[in-house]
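**Q** Just my_file-v7.pdb, nothing more (PDB, C-alpha atoms):
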```pdb
ATOM      1  CA  MET A   1     -13.239   4.124 -10.365  1.00  0.00           C
ATOM      2  CA  GLU A   2     -13.013   2.946 -13.966  1.00  0.00           C
ATOM      3  CA  MET A   3      -9.371   1.875 -13.983  1.00  0.00           C
ATOM      4  CA  PHE A   4      -9.757  -0.829 -11.341  1.00  0.00           C
ATOM      5  CA  ASN A   5     -11.884  -3.952 -11.385  1.00  0.00           C
ATOM      6  CA  LEU A   6     -13.699  -4.874  -8.194  1.00  0.00           C
ATOM      7  CA  ILE A   7     -11.863  -7.842  -6.721  1.00  0.00           C
ATOM      8  CA  SER A   8     -13.831 -10.466  -4.860  1.00  0.00           C
ATOM      9  CA  HIS A   9     -11.399 -11.868  -2.333  1.00  0.00           C
ATOM     10  CA  LYS A  10     -12.331 -13.078   1.144  1.00  0.00           C
ATOM     11  CA  MET A  11      -9.608 -10.936   2.730  1.00  0.00           C
ATOM     12  CA  TYR A  12     -11.303  -7.845   1.279  1.00  0.00           C
ATOM     13  CA  ALA A  13     -14.939  -8.983   1.392  1.00  0.00           C
ATOM     14  CA  LYS A  14     -17.273  -6.182   2.421  1.00  0.00           C
ATOM     15  CA  LYS A  15     -17.650  -6.115   6.180  1.00  0.00           C
ATOM     16  CA  LYS A  16     -18.501  -3.645   8.905  1.00  0.00           C
ATOM     17  CA  ALA A  17     -16.426  -2.760  11.919  1.00  0.00           C
ATOM     18  CA  ASP A  18     -17.641  -3.956  15.300  1.00  0.00           C
ATOM     19  CA  ALA A  19     -16.350  -3.859  18.888  1.00  0.00           C
ATOM     20  CA  LYS A  20     -13.763  -6.565  18.101  1.00  0.00           C
ATOM     21  CA  THR A  21     -12.302  -4.732  15.088  1.00  0.00           C
ATOM     22  CA  ARG A  22      -8.798  -3.415  15.701  1.00  0.00           C
ATOM     23  CA  VAL A  23      -7.421  -0.256  14.105  1.00  0.00           C
ATOM     24  CA  ARG A  24      -3.940  -0.527  12.597  1.00  0.00           C
ATOM     25  CA  VAL A  25      -1.943   2.517  11.496  1.00  0.00           C
ATOM     26  CA  GLY A  26       0.492   1.912   8.684  1.00  0.00           C
ATOM     27  CA  VAL A  27       2.329   3.440   5.778  1.00  0.00           C
ATOM     28  CA  GLY A  28       2.112   2.990   2.037  1.00  0.00           C
ATOM     29  CA  VAL A  29       4.890   4.178  -0.224  1.00  0.00           C
ATOM     30  CA  VAL A  30       4.701   5.171  -3.886  1.00  0.00           C
ATOM     31  CA  VAL A  31       8.239   4.402  -5.036  1.00  0.00           C
ATOM     32  CA  ARG A  32       9.128   5.964  -8.374  1.00  0.00           C
ATOM     33  CA  ASP A  33      11.944   5.010 -10.710  1.00  0.00           C
ATOM     34  CA  ASN A  34      13.851   7.352 -13.050  1.00  0.00           C
ATOM     35  CA  LYS A  35      11.084   6.905 -15.670  1.00  0.00           C
ATOM     36  CA  ASN A  36       8.466   8.089 -13.118  1.00  0.00           C
ATOM     37  CA  ARG A  37       6.865   4.634 -13.004  1.00  0.00           C
ATOM     38  CA  ILE A  38       5.269   3.302  -9.798  1.00  0.00           C
ATOM     39  CA  LEU A  39       6.619   0.212  -8.034  1.00  0.00           C
ATOM     40  CA  MET A  40       3.946  -2.297  -7.105  1.00  0.00           C
ATOM     41  CA  GLU A  41       4.185  -5.524  -5.166  1.00  0.00           C
ATOM     42  CA  LYS A  42       2.093  -8.621  -5.878  1.00  0.00           C
ATOM     43  CA  ARG A  43       1.237  -9.687  -2.341  1.00  0.00           C
ATOM     44  CA  SER A  44       1.773 -13.290  -1.279  1.00  0.00           C
ATOM     45  CA  ASP A  45      -1.240 -13.267   1.084  1.00  0.00           C
ATOM     46  CA  CYS A  46      -3.822 -12.561  -1.634  1.00  0.00           C
ATOM     47  CA  SER A  47      -2.031 -12.507  -5.034  1.00  0.00           C
ATOM     48  CA  LEU A  48      -3.207  -8.939  -5.657  1.00  0.00           C
ATOM     49  CA  TRP A  49      -1.045  -5.902  -6.433  1.00  0.00           C
ATOM     50  CA  GLY A  50      -0.424  -3.213  -3.826  1.00  0.00           C
ATOM     51  CA  LEU A  51       2.094  -0.608  -2.781  1.00  0.00           C
ATOM     52  CA  PRO A  52       5.043  -1.400  -0.527  1.00  0.00           C
ATOM     53  CA  GLY A  53       4.237  -0.633   3.079  1.00  0.00           C
ATOM     54  CA  GLY A  54       2.985  -1.989   6.355  1.00  0.00           C
ATOM     55  CA  LYS A  55       2.260  -1.230   9.971  1.00  0.00           C
ATOM     56  CA  ILE A  56       4.099   1.343  12.027  1.00  0.00           C
ATOM     57  CA  GLU A  57       5.958  -0.372  14.872  1.00  0.00           C
ATOM     58  CA  PRO A  58       5.910   1.087  18.411  1.00  0.00           C
ATOM     59  CA  GLY A  59       8.590   3.775  18.716  1.00  0.00           C
ATOM     60  CA  GLU A  60       8.823   4.374  14.944  1.00  0.00           C
ATOM     61  CA  SER A  61       8.024   7.555  13.103  1.00  0.00           C
ATOM     62  CA  VAL A  62       5.987   7.429   9.896  1.00  0.00           C
ATOM     63  CA  THR A  63       9.167   8.097   7.891  1.00  0.00           C
ATOM     64  CA  GLN A  64      11.156   5.405   9.705  1.00  0.00           C
ATOM     65  CA  ALA A  65       8.373   2.873   9.108  1.00  0.00           C
ATOM     66  CA  ALA A  66       8.186   3.799   5.412  1.00  0.00           C
ATOM     67  CA  LEU A  67      11.941   3.427   4.888  1.00  0.00           C
ATOM     68  CA  ARG A  68      12.012   0.110   6.786  1.00  0.00           C
ATOM     69  CA  GLU A  69       9.015  -1.380   4.992  1.00  0.00           C
ATOM     70  CA  VAL A  70      10.322  -0.467   1.530  1.00  0.00           C
ATOM     71  CA  LYS A  71      13.726  -1.954   2.356  1.00  0.00           C
ATOM     72  CA  GLU A  72      12.207  -5.158   3.799  1.00  0.00           C
ATOM     73  CA  GLU A  73       9.757  -5.684   0.941  1.00  0.00           C
ATOM     74  CA  THR A  74      11.834  -4.547  -2.040  1.00  0.00           C
ATOM     75  CA  GLY A  75      15.528  -4.399  -1.081  1.00  0.00           C
ATOM     76  CA  LEU A  76      15.596  -0.720  -2.092  1.00  0.00           C
ATOM     77  CA  ASP A  77      16.722   2.324  -0.178  1.00  0.00           C
ATOM     78  CA  VAL A  78      14.525   5.331  -0.864  1.00  0.00           C
ATOM     79  CA  GLU A  79      14.234   8.997  -0.012  1.00  0.00           C
ATOM     80  CA  ILE A  80      10.813  10.291   1.005  1.00  0.00           C
ATOM     81  CA  THR A  81       9.863  13.161  -1.300  1.00  0.00           C
ATOM     82  CA  LYS A  82       6.204  13.913  -0.676  1.00  0.00           C
ATOM     83  CA  PHE A  83       3.221  13.423   1.620  1.00  0.00           C
ATOM     84  CA  ILE A  84       0.195  12.256  -0.385  1.00  0.00           C
ATOM     85  CA  GLY A  85      -2.476  11.731   2.255  1.00  0.00           C
ATOM     86  CA  ILE A  86      -4.081   9.764   5.066  1.00  0.00           C
ATOM     87  CA  TYR A  87      -6.544   7.041   4.122  1.00  0.00           C
ATOM     88  CA  SER A  88      -9.075   5.665   6.591  1.00  0.00           C
ATOM     89  CA  GLU A  89     -12.342   5.321   4.634  1.00  0.00           C
ATOM     90  CA  PRO A  90     -13.903   2.112   6.005  1.00  0.00           C
ATOM     91  CA  GLU A  91     -15.488   1.085   2.684  1.00  0.00           C
ATOM     92  CA  ASN A  92     -12.361  -0.686   1.371  1.00  0.00           C
ATOM     93  CA  ARG A  93     -10.129  -0.726   4.433  1.00  0.00           C
ATOM     94  CA  ILE A  94     -11.678  -3.276   6.808  1.00  0.00           C
ATOM     95  CA  VAL A  95      -9.876  -6.544   6.148  1.00  0.00           C
ATOM     96  CA  THR A  96      -9.685 -10.050   7.571  1.00  0.00           C
ATOM     97  CA  PHE A  97      -6.159 -11.411   7.844  1.00  0.00           C
ATOM     98  CA  GLN A  98      -5.944 -15.043   6.766  1.00  0.00           C
ATOM     99  CA  ASP A  99      -3.175 -16.081   9.142  1.00  0.00           C
ATOM    100  CA  ASN A 100      -5.104 -15.306  12.342  1.00  0.00           C
ATOM    101  CA  GLY A 101      -8.623 -14.256  11.304  1.00  0.00           C
ATOM    102  CA  ASP A 102      -8.237 -10.801  12.854  1.00  0.00           C
ATOM    103  CA  VAL A 103     -10.524  -8.121  11.444  1.00  0.00           C
ATOM    104  CA  VAL A 104      -8.602  -4.863  11.120  1.00  0.00           C
ATOM    105  CA  HIS A 105      -9.526  -1.353  10.009  1.00  0.00           C
ATOM    106  CA  LEU A 106      -6.472  -0.099   8.113  1.00  0.00           C
ATOM    107  CA  VAL A 107      -5.489   3.557   8.442  1.00  0.00           C
ATOM    108  CA  ASP A 108      -2.566   4.392   6.159  1.00  0.00           C
ATOM    109  CA  VAL A 109      -0.311   7.377   5.679  1.00  0.00           C
ATOM    110  CA  LEU A 110       0.710   7.496   2.019  1.00  0.00           C
ATOM    111  CA  LEU A 111       4.105   8.921   1.069  1.00  0.00           C
ATOM    112  CA  GLU A 112       5.971   9.201  -2.212  1.00  0.00           C
ATOM    113  CA  ALA A 113       9.650   8.314  -2.537  1.00  0.00           C
ATOM    114  CA  LYS A 114      12.433   8.050  -5.070  1.00  0.00           C
ATOM    115  CA  MET A 115      14.957   5.235  -5.279  1.00  0.00           C
ATOM    116  CA  ILE A 116      18.455   6.090  -4.111  1.00  0.00           C
ATOM    117  CA  SER A 117      20.211   2.694  -3.931  1.00  0.00           C
ATOM    118  CA  GLY A 118      19.836  -1.036  -3.484  1.00  0.00           C
ATOM    119  CA  THR A 119      18.951  -3.990  -5.658  1.00  0.00           C
ATOM    120  CA  MET A 120      15.313  -4.873  -6.112  1.00  0.00           C
ATOM    121  CA  GLN A 121      14.494  -8.277  -4.625  1.00  0.00           C
ATOM    122  CA  ILE A 122      11.298 -10.101  -3.727  1.00  0.00           C
ATOM    123  CA  SER A 123      10.623 -10.709  -0.026  1.00  0.00           C
ATOM    124  CA  HIS A 124       8.585 -13.474   1.607  1.00  0.00           C
ATOM    125  CA  GLU A 125       5.633 -11.034   1.573  1.00  0.00           C
ATOM    126  CA  SER A 126       5.510 -10.814  -2.209  1.00  0.00           C
ATOM    127  CA  GLU A 127       5.202 -12.911  -5.346  1.00  0.00           C
ATOM    128  CA  ALA A 128       6.505 -10.206  -7.700  1.00  0.00           C
ATOM    129  CA  LEU A 129       7.752  -6.623  -7.872  1.00  0.00           C
ATOM    130  CA  GLN A 130       7.222  -4.523 -10.975  1.00  0.00           C
ATOM    131  CA  PHE A 131       7.269  -0.894 -12.071  1.00  0.00           C
ATOM    132  CA  PHE A 132       4.136   0.280 -13.887  1.00  0.00           C
ATOM    133  CA  ASP A 133       3.374   3.369 -15.908  1.00  0.00           C
ATOM    134  CA  GLU A 134       0.548   5.363 -14.285  1.00  0.00           C
ATOM    135  CA  LYS A 135      -1.620   4.710 -17.350  1.00  0.00           C
ATOM    136  CA  ALA A 136      -0.995   0.952 -17.292  1.00  0.00           C
ATOM    137  CA  LEU A 137      -1.508  -0.107 -13.669  1.00  0.00           C
ATOM    138  CA  PRO A 138      -2.713  -3.679 -13.116  1.00  0.00           C
ATOM    139  CA  ASP A 139      -6.445  -4.311 -12.746  1.00  0.00           C
ATOM    140  CA  ASP A 140      -6.091  -6.662  -9.778  1.00  0.00           C
ATOM    141  CA  VAL A 141      -5.162  -4.106  -7.110  1.00  0.00           C
ATOM    142  CA  VAL A 142      -5.924  -4.482  -3.393  1.00  0.00           C
ATOM    143  CA  PRO A 143      -8.984  -2.351  -2.536  1.00  0.00           C
ATOM    144  CA  PRO A 144      -7.205  -0.298   0.171  1.00  0.00           C
ATOM    145  CA  ALA A 145      -4.884   1.095  -2.545  1.00  0.00           C
ATOM    146  CA  TRP A 146      -7.633   2.311  -4.906  1.00  0.00           C
ATOM    147  CA  ALA A 147      -8.210   5.804  -3.485  1.00  0.00           C
ATOM    148  CA  ALA A 148      -4.501   6.356  -2.881  1.00  0.00           C
ATOM    149  CA  LEU A 149      -3.545   5.419  -6.438  1.00  0.00           C
ATOM    150  CA  HIS A 150      -6.304   7.638  -7.783  1.00  0.00           C
ATOM    151  CA  ASP A 151      -4.893  10.579  -5.822  1.00  0.00           C
ATOM    152  CA  VAL A 152      -1.340   9.841  -6.977  1.00  0.00           C
ATOM    153  CA  ILE A 153      -2.363   9.642 -10.639  1.00  0.00           C
ATOM    154  CA  THR A 154      -4.453  12.833 -10.448  1.00  0.00           C
ATOM    155  CA  LYS A 155      -1.587  14.630  -8.639  1.00  0.00           C
ATOM    156  CA  GLN A 156      -3.557  15.316  -5.459  1.00  0.00           C
ATOM    157  CA  THR A 157      -1.701  15.771  -2.173  1.00  0.00           C
ATOM    158  CA  GLY A 158      -2.696  16.549   1.397  1.00  0.00           C
ATOM    159  CA  MET A 159      -5.684  14.254   1.129  1.00  0.00           C
ATOM    160  CA  VAL A 160      -7.589  13.052   4.201  1.00  0.00           C
ATOM    161  CA  ARG A 161      -9.995  10.274   3.320  1.00  0.00           C
TER     162      ARG A 161
END
```
Take the structure in the file and write it out as structure tokens.
**A**
Amino acid sequence: MEMFNLISHKMYAKKKADAKTRVRVGVGVVVRDNKNRILMEKRSDCSLWGLPGGKIEPGESVTQAALREVKEETGLDVEITKFIGIYSEPENRIVTFQDNGDVVHLVDVLLEAKMISGTMQISHESEALQFFDEKALPDDVVPPAWAALHDVITKQTGMVR
């Protein structure tokens, strides 16, 4: 994909799944402001930009997890407006977490949302929060977000990757 540079970061170094690899189901949320810009979070674990989101906790629905993660990471309350897709392609989604060394295959449900209230604030999981125009997204984006952002920008929905 031309709009993103390949990032060489040990968390996202190319690796293959094996018997010890865990699968983690999570959510990613494309939060839009009133100018239709996309909210991105500069992650504190790798200093790369990504979308707000995280793992689905036991007993949570996808929607509940999305609302909770956005609130925790950004301070914003949002309304889910659209299902974008499910992303599981192993190429860019097998990661090694620095805190415990676990290798995890990320499977994410991507939703779109609009802001309804709250004050944007940085959490302990982020270094920065910023809205970006679709045509001016940062180059240093976490690899798991590449396909999802491509689908959002090209207005594709219902994707299963």
**Q** Give me, please, the distance in Å between atom CA of Pro52 of chain A and atom CA of His105 of chain A, quoted to one decimal.
**A**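 Here the two named atoms are 18.0 Å from each other.
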**Q** Using the chain letters and residue numbers of this document, give as a VMD selection string the residues selected by the PyMOL selection byres ((chain A and resi 91) around 10).
**A** chain A and resid 12 14 to 16 88 to 90 92 to 94 105 143 to 144
**Q** Can you tell me which residues surround segment 29-33 of chain A at a distance of at most 8 Å, considering only C-alpha atoms, apart from same-chain residues fewer than 3 positions away, and format the answer as a PyMOL selection string?
**A** chain A and resi 36-39+51-53+66+70+78+110-115+131
**Q** Return the single residue from A:Val142, A:Ala136, A:Ile86, A:Glu60 that is closest to Asp45 of chain A, with distances computed using all atoms listed in the file.
**A**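 Nearest candidate to Asp45 of chain A out of A:Val142, A:Ala136, A:Ile86, A:Glu60: A:Val142.
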**Q** Mind giving me the straight-line distance from atom CA of Arg161 of chain A to atom CA of Phe83 of chain A in Å, one decimal?
**A**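 Separating atom CA of Arg161 of chain A from atom CA of Phe83 of chain A is a distance of 13.7 Å.
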**Q** So, counting all atoms listed in the file, which residue among A:Asp18, A:Glu57, A:Glu125, A:Glu73 is closest to Ser44 of chain A?
**A**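 So, comparing all the options, the nearest one is A:Glu125.
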**Q** Measure the distance from atom CA of Gly85 of chain A to atom CA of Val109 of chain A in Å and round it to one decimal.
**A** 5.9 Å
**Q** Could you pull the residues within 12 Å of Gln121 of chain A, counting all atoms listed in the file, minus those fewer than 6 positions along the same chain, as a list of chain:residue names?
**A** A:Glu41, A:Val70, A:Lys71, A:Glu72, A:Glu73, A:Thr74, A:Gly75, A:Leu76, A:Asp77, A:Glu127, A:Ala128, A:Leu129, A:Gln130
**Q** Looking at all atoms listed in the file, which of A:Cys46, A:Pro138, A:Leu149, A:Gly158 is the one that sits closest to Thr96 of chain A?
**A**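 Closest to Thr96 of chain A of all the choices is A:Cys46.
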**Q** Kindly compute an axis-aligned box around the listed atoms of segment 103-106 of chain A, allowing 3 Å on each side, and express its centre and edge lengths in Å to one decimal as AutoDock Vina command-line options.
**A**
```
--center_x -8.5 --center_y -4.1 --center_z 9.8 --size_x 10.1 --size_y 14.0 --size_z 9.3
```
**Q** At most 6 Å from (4.7, 4.1, 7.3), file frame, all atoms listed in the file: which residues, as a VMD selection string?
**A** chain A and resid 26 to 28 56 62 65 to 66
**Q** Pick from A:Val160, A:Met40, A:Ile153, A:Val107: nearest to Met120 of chain A, with only C-alpha atoms counted?
**A**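 Once distances to Met120 of chain A are computed over only C-alpha atoms, the minimum belongs to A:Met40.
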